[in-house]
Amino acid sequence: MRFTDGPAGRGVDRVATIRDVAARAGVSIATVSRVLNGSGNATPETTEKVRIAASDLAFRPSTIGRSLKAARTRTVGVLVPSLTNPVFAESVAGIQEAAAEAGYSVLIASTDYDPGRESRAIEGLLSNRVEGLVLTVADADRSGSLDTLDEVRLPYVLAYNQPERAGRAHVSVDNVAASRAVVERMAALGHRRIGMVAGRFRHSDRSRRRHAGWLAALADAGLPPGPVMEVDFNDLRLAHRLAPHLEGPERPTALFASNDLLALATIRALRDLGLSVPDDLSVCGFDGIEVGRLMSPSLATLVQPARAMGATAFECLRSGDLPGRSVMLPFTLRPGESLGPAPSEPTKALPDRRFPPS
C-alpha cells in the first residue's frame, strides 16, 4: 500500500513503514519489530494483529528488522540534507575520515531538504544493516523517523541539529548565540535596519534557531526587526524575492543569510538589481564554506567547524554513551568584504525591472 503525505491527499507517495503497521495494529513499534523478526514474546492475539496489519499495508519488514540483527557490519549510515552544500560535504568527509581510522564503512543518503524523504532515506540505510546513524534532519524535535529509531533503540547522533527534546545525542554549534554574534557585529558597524534571508523554517530547525538569534540580538540592541525573506534552499534565484523588500528609504542596509549558499545567492541577486555589496547593502552568511573566500567581494560569514562536526559525531556514536549527550563546538565570525559600515542613506534606487512571479 502507498500513502500520500500532506493535507487533502496532496504530496509525495510513500510506502508503508513500521510506524504505519504499529498504528494499524494498535501496538508499539518495538512490538511490531519483535513479531516480524520472531524475537521476544508476544501473545497469539497480538501476533495475529501485527501480521494482518503488515499484510494489509503490504509492509516489507526487511528494513528495520534486519538492522536489529546481532551480526556486526561495521557500517555507519549518514543522512544529510544535501551534498551540494559544501558545509554538509565537509562534515561527511570528517565522518569518513574518522570511520576509516576505526575500521568502519560509511553509507550516505541525502534528503534534498525534503522532510518527506527522511523516513524513506533512513529505511534505505537500515536495509543495509547499519550499526548506527549520523543524521541531520529537518526538525529534531518533531521527527517521526527519530521516534522510530528511539523505539527500536538503534543508536544515532544528530549533527547540526540542536534539539530541545531530551535524550537525543547531538553535536552542533549554538545557533542562537552564533546568529547574535552576526547581528551584534552588524550593529557595531552602524547598521540599524537589518533584514534576514532564511531557508524555509519548516525544512530546517537550524534556520529557525538562527532567526531566533537574529530577533534576540535586534531586541537587545533596541532595533526593530527588518524584513524576513523565507526562500527555498534549492532555488537560488532570489532577485524577484528580494526586490519588494528593498524599495524606499527604509530598506535594510544589511542582510543576514541563514547559510552561505543563500548569502552568495543574495549577493548575486543584489548585483542583478543594480546594487553594490557592501556599498549599498552588506551581507553576512553562516557556515564558513571555503569558496566564500574566493568570491568578489569575499564573503563575511559565521564559521562552524564542519569537518570536526562530522568527526565528533562519529566518535560520539562509536563511544556508545549517547542518551542526552550534547557537544557544542566553537564558532568564529570571519570578516569579509561583503560586510562593511552602514551607508548614511540608500545611494541607489532599484531599477525598474520586471521579474517572473515566484
# chains A, B, ... in the order shown; residues from 1 in each chain; ligands from 1
>>> residues_around(residues="Leu215 of chain A", least_positions_apart="6", cutoff="12 Å", atoms="only C-alpha atoms", output="number ranges by chain")
A: 176-177, 179-184, 194-196, 208-209, 221-228, 256
>>> residues_around(residues="Arg200 of chain A", least_positions_apart="4", cutoff="9 Å", atoms="only C-alpha atoms", output="PyMOL selection string")
chain A and resi 204+207-208+230-233
>>> write_last_selection(atoms="C-alpha atoms", output="PDB file, in the first residue's frame")
ATOM      1  CA  SER A 204      15.342  23.426   8.813  1.00  0.00           C
ATOM      2  CA  SER A 207      17.182  28.203  10.137  1.00  0.00           C
ATOM      3  CA  ARG A 208      14.561  28.731  12.859  1.00  0.00           C
ATOM      4  CA  GLU A 230      11.969  32.850   3.604  1.00  0.00           C
ATOM      5  CA  VAL A 231      13.234  31.121   0.480  1.00  0.00           C
ATOM      6  CA  ASP A 232      13.680  27.578  -0.795  1.00  0.00           C
ATOM      7  CA  PHE A 233      17.119  26.128  -0.188  1.00  0.00           C
TER       8      PHE A 233
END
>>> residues_around(residues="Ile95 of chain A", least_positions_apart="5", cutoff="8 Å", atoms="only C-alpha atoms", output="PyMOL selection string")
chain A and resi 307+310-314
>>> write_last_selection(atoms="all heavy atoms", output="compact mmCIF listing (two decimals), in the first residue's frame")
# COMPACT_ATOMS: atom_id res chain seq x y z
N ARG A 307 34.06 19.91 9.39
CA ARG A 307 34.76 18.63 9.39
C ARG A 307 34.82 18.06 10.81
O ARG A 307 34.59 16.86 11.02
CB ARG A 307 36.16 18.78 8.82
CG ARG A 307 36.89 17.45 8.59
CD ARG A 307 38.18 17.67 7.82
NE ARG A 307 37.93 18.09 6.45
CZ ARG A 307 38.09 17.31 5.39
NH1 ARG A 307 38.50 16.06 5.54
NH2 ARG A 307 37.87 17.77 4.18
N GLY A 310 31.44 16.46 11.81
CA GLY A 310 31.24 15.08 11.39
C GLY A 310 32.08 14.11 12.18
O GLY A 310 31.58 13.06 12.64
N ALA A 311 33.36 14.41 12.36
CA ALA A 311 34.25 13.50 13.09
C ALA A 311 33.80 13.33 14.53
O ALA A 311 33.81 12.20 15.06
CB ALA A 311 35.69 14.03 13.04
N THR A 312 33.39 14.42 15.18
CA THR A 312 32.95 14.34 16.57
C THR A 312 31.67 13.54 16.68
O THR A 312 31.50 12.75 17.62
CB THR A 312 32.75 15.76 17.14
OG1 THR A 312 33.96 16.50 17.01
CG2 THR A 312 32.36 15.71 18.60
N ALA A 313 30.75 13.73 15.74
CA ALA A 313 29.50 12.97 15.76
C ALA A 313 29.78 11.47 15.64
O ALA A 313 29.18 10.65 16.35
CB ALA A 313 28.57 13.43 14.65
N PHE A 314 30.70 11.10 14.76
CA PHE A 314 31.04 9.68 14.63
C PHE A 314 31.65 9.14 15.91
O PHE A 314 31.31 8.04 16.36
CB PHE A 314 32.00 9.43 13.47
CG PHE A 314 32.49 8.01 13.41
CD1 PHE A 314 31.70 7.01 12.86
CD2 PHE A 314 33.72 7.66 13.97
CE1 PHE A 314 32.13 5.69 12.85
CE2 PHE A 314 34.16 6.35 13.96
CZ PHE A 314 33.35 5.36 13.39
>>> select_by_dssp(residues="segment 32-251 of chain A", states="strand (DSSP E)", output="PyMOL selection string")
chain A and resi 75-80+105-110+132-135+156-159+170-172+194-199+228-231
>>> closest_residue(among="A:Asn85, A:Thr31, A:Asn128, A:Ser296", to="Thr46 of chain A", atoms="only C-alpha atoms")
A:Thr31
>>> atom_distance(atom1="atom CA of Val50 of chain A", atom2="atom CA of Val21 of chain A")
7.0 Å
>>> residues_around(residues="Thr301 of chain A", least_positions_apart="2", cutoff="8 Å", atoms="only C-alpha atoms", output="number ranges by chain")
A: 260, 284-288, 299, 303, 333-336
>>> closest_residue(among="A:Leu57, A:Ser143, A:Trp214, A:Leu273", to="Ala243 of chain A", atoms="only C-alpha atoms")
A:Leu273
>>> residues_around(residues="Gly77 of chain A", least_positions_apart="6", cutoff="10 Å", atoms="only C-alpha atoms", output="PyMOL selection string")
chain A and resi 105-109+122+124-126+128-135+156
>>> decode(residues="segment 13-159 of chain A", atoms="C-alpha atoms", output="mmCIF file, in the first residue's frame")
data_model
loop_
_atom_site.group_PDB
_atom_site.id
_atom_site.type_symbol
_atom_site.label_atom_id
_atom_site.label_comp_id
_atom_site.auth_asym_id
_atom_site.auth_seq_id
_atom_site.Cartn_x
_atom_site.Cartn_y
_atom_site.Cartn_z
ATOM 1 C CA ASP A 13 3.521 8.945 -2.260
ATOM 2 C CA ARG A 14 5.348 6.734 0.203
ATOM 3 C CA VAL A 15 5.467 3.053 1.073
ATOM 4 C CA ALA A 16 4.134 1.768 4.380
ATOM 5 C CA THR A 17 6.564 1.945 7.303
ATOM 6 C CA ILE A 18 6.850 0.064 10.575
ATOM 7 C CA ARG A 19 5.145 3.047 12.246
ATOM 8 C CA ASP A 20 2.106 2.570 9.968
ATOM 9 C CA VAL A 21 1.908 -1.103 10.889
ATOM 10 C CA ALA A 22 2.119 -0.291 14.596
ATOM 11 C CA ALA A 23 -0.673 2.276 14.277
ATOM 12 C CA ARG A 24 -2.890 -0.138 12.333
ATOM 13 C CA ALA A 25 -2.340 -2.951 14.832
ATOM 14 C CA GLY A 26 -2.602 -0.704 17.889
ATOM 15 C CA VAL A 27 0.758 -1.774 19.320
ATOM 16 C CA SER A 28 4.212 -0.262 19.744
ATOM 17 C CA ILE A 29 6.873 -0.170 17.052
ATOM 18 C CA ALA A 30 9.069 -2.391 19.202
ATOM 19 C CA THR A 31 6.291 -4.991 19.342
ATOM 20 C CA VAL A 32 5.955 -4.952 15.556
ATOM 21 C CA SER A 33 9.700 -5.455 15.221
ATOM 22 C CA ARG A 34 9.700 -8.387 17.647
ATOM 23 C CA VAL A 35 6.765 -10.092 15.937
ATOM 24 C CA LEU A 36 8.100 -9.712 12.405
ATOM 25 C CA ASN A 37 11.589 -10.831 13.418
ATOM 26 C CA GLY A 38 10.378 -13.743 15.528
ATOM 27 C CA SER A 39 12.191 -12.460 18.602
ATOM 28 C CA GLY A 40 10.777 -11.897 22.068
ATOM 29 C CA ASN A 41 7.357 -12.875 23.398
ATOM 30 C CA ALA A 42 4.029 -11.722 22.045
ATOM 31 C CA THR A 43 0.594 -13.188 22.603
ATOM 32 C CA PRO A 44 -1.015 -15.085 19.715
ATOM 33 C CA GLU A 45 -3.641 -12.346 19.502
ATOM 34 C CA THR A 46 -1.013 -9.592 19.229
ATOM 35 C CA THR A 47 0.995 -11.600 16.716
ATOM 36 C CA GLU A 48 -2.077 -12.063 14.552
ATOM 37 C CA LYS A 49 -2.963 -8.351 14.671
ATOM 38 C CA VAL A 50 0.545 -7.373 13.616
ATOM 39 C CA ARG A 51 0.702 -9.864 10.775
ATOM 40 C CA ILE A 52 -2.721 -8.819 9.459
ATOM 41 C CA ALA A 53 -1.755 -5.141 9.622
ATOM 42 C CA ALA A 54 1.523 -5.829 7.821
ATOM 43 C CA SER A 55 -0.283 -7.803 5.143
ATOM 44 C CA ASP A 56 -2.993 -5.166 4.668
ATOM 45 C CA LEU A 57 -0.353 -2.474 4.240
ATOM 46 C CA ALA A 58 1.948 -4.604 2.065
ATOM 47 C CA PHE A 59 4.698 -3.791 4.543
ATOM 48 C CA ARG A 60 8.183 -5.087 3.761
ATOM 49 C CA PRO A 61 9.751 -5.968 7.119
ATOM 50 C CA SER A 62 13.312 -6.253 5.867
ATOM 51 C CA THR A 63 14.404 -2.719 6.744
ATOM 52 C CA ILE A 64 14.044 -2.139 10.480
ATOM 53 C CA GLY A 65 14.061 -5.857 11.218
ATOM 54 C CA ARG A 66 17.351 -6.628 9.510
ATOM 55 C CA SER A 67 19.014 -3.619 11.113
ATOM 56 C CA LEU A 68 18.329 -5.057 14.559
ATOM 57 C CA LYS A 69 20.110 -8.365 13.971
ATOM 58 C CA ALA A 70 23.148 -9.022 16.082
ATOM 59 C CA ALA A 71 25.537 -9.529 13.166
ATOM 60 C CA ARG A 72 28.176 -6.795 13.003
ATOM 61 C CA THR A 73 28.534 -5.000 9.683
ATOM 62 C CA ARG A 74 30.919 -2.234 10.811
ATOM 63 C CA THR A 75 28.895 0.155 8.673
ATOM 64 C CA VAL A 76 27.516 3.535 9.698
ATOM 65 C CA GLY A 77 24.731 5.341 7.888
ATOM 66 C CA VAL A 78 24.878 9.090 7.236
ATOM 67 C CA LEU A 79 21.926 11.295 6.316
ATOM 68 C CA VAL A 80 22.369 14.933 5.280
ATOM 69 C CA PRO A 81 20.035 17.461 3.650
ATOM 70 C CA SER A 82 22.301 17.984 0.654
ATOM 71 C CA LEU A 83 25.702 17.014 -0.692
ATOM 72 C CA THR A 84 25.786 20.047 -2.992
ATOM 73 C CA ASN A 85 26.085 22.334 0.027
ATOM 74 C CA PRO A 86 29.801 22.322 0.912
ATOM 75 C CA VAL A 87 29.144 22.522 4.648
ATOM 76 C CA PHE A 88 27.483 19.091 4.614
ATOM 77 C CA ALA A 89 30.025 17.627 2.200
ATOM 78 C CA GLU A 90 32.765 18.751 4.588
ATOM 79 C CA SER A 91 31.068 17.119 7.579
ATOM 80 C CA VAL A 92 30.670 13.873 5.611
ATOM 81 C CA ALA A 93 34.399 13.983 4.887
ATOM 82 C CA GLY A 94 35.023 14.266 8.620
ATOM 83 C CA ILE A 95 32.785 11.267 9.287
ATOM 84 C CA GLN A 96 34.517 9.215 6.592
ATOM 85 C CA GLU A 97 37.984 10.013 7.927
ATOM 86 C CA ALA A 98 37.080 9.095 11.500
ATOM 87 C CA ALA A 99 35.206 5.982 10.394
ATOM 88 C CA ALA A 100 38.078 4.751 8.218
ATOM 89 C CA GLU A 101 40.519 5.103 11.112
ATOM 90 C CA ALA A 102 38.182 2.987 13.243
ATOM 91 C CA GLY A 103 37.687 0.361 10.533
ATOM 92 C CA TYR A 104 34.127 1.322 9.612
ATOM 93 C CA SER A 105 32.470 1.879 6.245
ATOM 94 C CA VAL A 106 30.020 4.695 5.572
ATOM 95 C CA LEU A 107 26.777 4.696 3.594
ATOM 96 C CA ILE A 108 25.456 8.133 2.624
ATOM 97 C CA ALA A 109 21.975 9.369 1.743
ATOM 98 C CA SER A 110 20.514 12.855 1.278
ATOM 99 C CA THR A 111 17.014 14.316 1.523
ATOM 100 C CA ASP A 112 17.363 17.337 -0.780
ATOM 101 C CA TYR A 113 15.854 19.411 2.045
ATOM 102 C CA ASP A 114 12.604 17.425 1.759
ATOM 103 C CA PRO A 115 11.320 16.310 5.198
ATOM 104 C CA GLY A 116 9.069 13.769 3.492
ATOM 105 C CA ARG A 117 12.098 11.895 2.180
ATOM 106 C CA GLU A 118 13.694 11.381 5.592
ATOM 107 C CA SER A 119 11.888 8.199 6.599
ATOM 108 C CA ARG A 120 12.451 6.588 3.193
ATOM 109 C CA ALA A 121 16.135 7.512 3.211
ATOM 110 C CA ILE A 122 16.600 6.188 6.744
ATOM 111 C CA GLU A 123 14.847 2.928 5.938
ATOM 112 C CA GLY A 124 17.089 2.596 2.904
ATOM 113 C CA LEU A 125 20.147 2.929 5.137
ATOM 114 C CA LEU A 126 18.741 0.474 7.661
ATOM 115 C CA SER A 127 18.087 -2.080 4.941
ATOM 116 C CA ASN A 128 21.874 -2.284 4.659
ATOM 117 C CA ARG A 129 22.084 -3.176 8.369
ATOM 118 C CA VAL A 130 23.988 -0.120 9.509
ATOM 119 C CA GLU A 131 25.037 -0.282 13.150
ATOM 120 C CA GLY A 132 24.219 3.341 13.814
ATOM 121 C CA LEU A 133 23.431 6.641 12.150
ATOM 122 C CA VAL A 134 24.761 10.189 11.984
ATOM 123 C CA LEU A 135 21.854 12.385 10.913
ATOM 124 C CA THR A 136 20.890 15.925 10.061
ATOM 125 C CA VAL A 137 17.097 16.100 9.965
ATOM 126 C CA ALA A 138 14.615 18.863 9.195
ATOM 127 C CA ASP A 139 13.239 19.097 12.737
ATOM 128 C CA ALA A 140 14.899 17.132 15.518
ATOM 129 C CA ASP A 141 12.054 17.755 17.964
ATOM 130 C CA ARG A 142 9.223 16.635 15.677
ATOM 131 C CA SER A 143 10.753 13.845 13.645
ATOM 132 C CA GLY A 144 8.784 10.641 13.240
ATOM 133 C CA SER A 145 11.942 8.976 11.940
ATOM 134 C CA LEU A 146 13.797 9.744 15.175
ATOM 135 C CA ASP A 147 10.807 8.491 17.164
ATOM 136 C CA THR A 148 11.132 5.196 15.290
ATOM 137 C CA LEU A 149 14.864 4.958 15.969
ATOM 138 C CA ASP A 150 14.190 5.662 19.655
ATOM 139 C CA GLU A 151 11.595 2.886 19.739
ATOM 140 C CA VAL A 152 13.839 0.265 18.193
ATOM 141 C CA ARG A 153 16.889 1.532 20.101
ATOM 142 C CA LEU A 154 19.154 1.949 17.130
ATOM 143 C CA PRO A 155 21.980 4.328 18.128
ATOM 144 C CA TYR A 156 22.198 7.676 16.363
ATOM 145 C CA VAL A 157 23.808 11.085 16.769
ATOM 146 C CA LEU A 158 22.476 14.303 15.296
ATOM 147 C CA ALA A 159 24.876 16.675 13.568
#
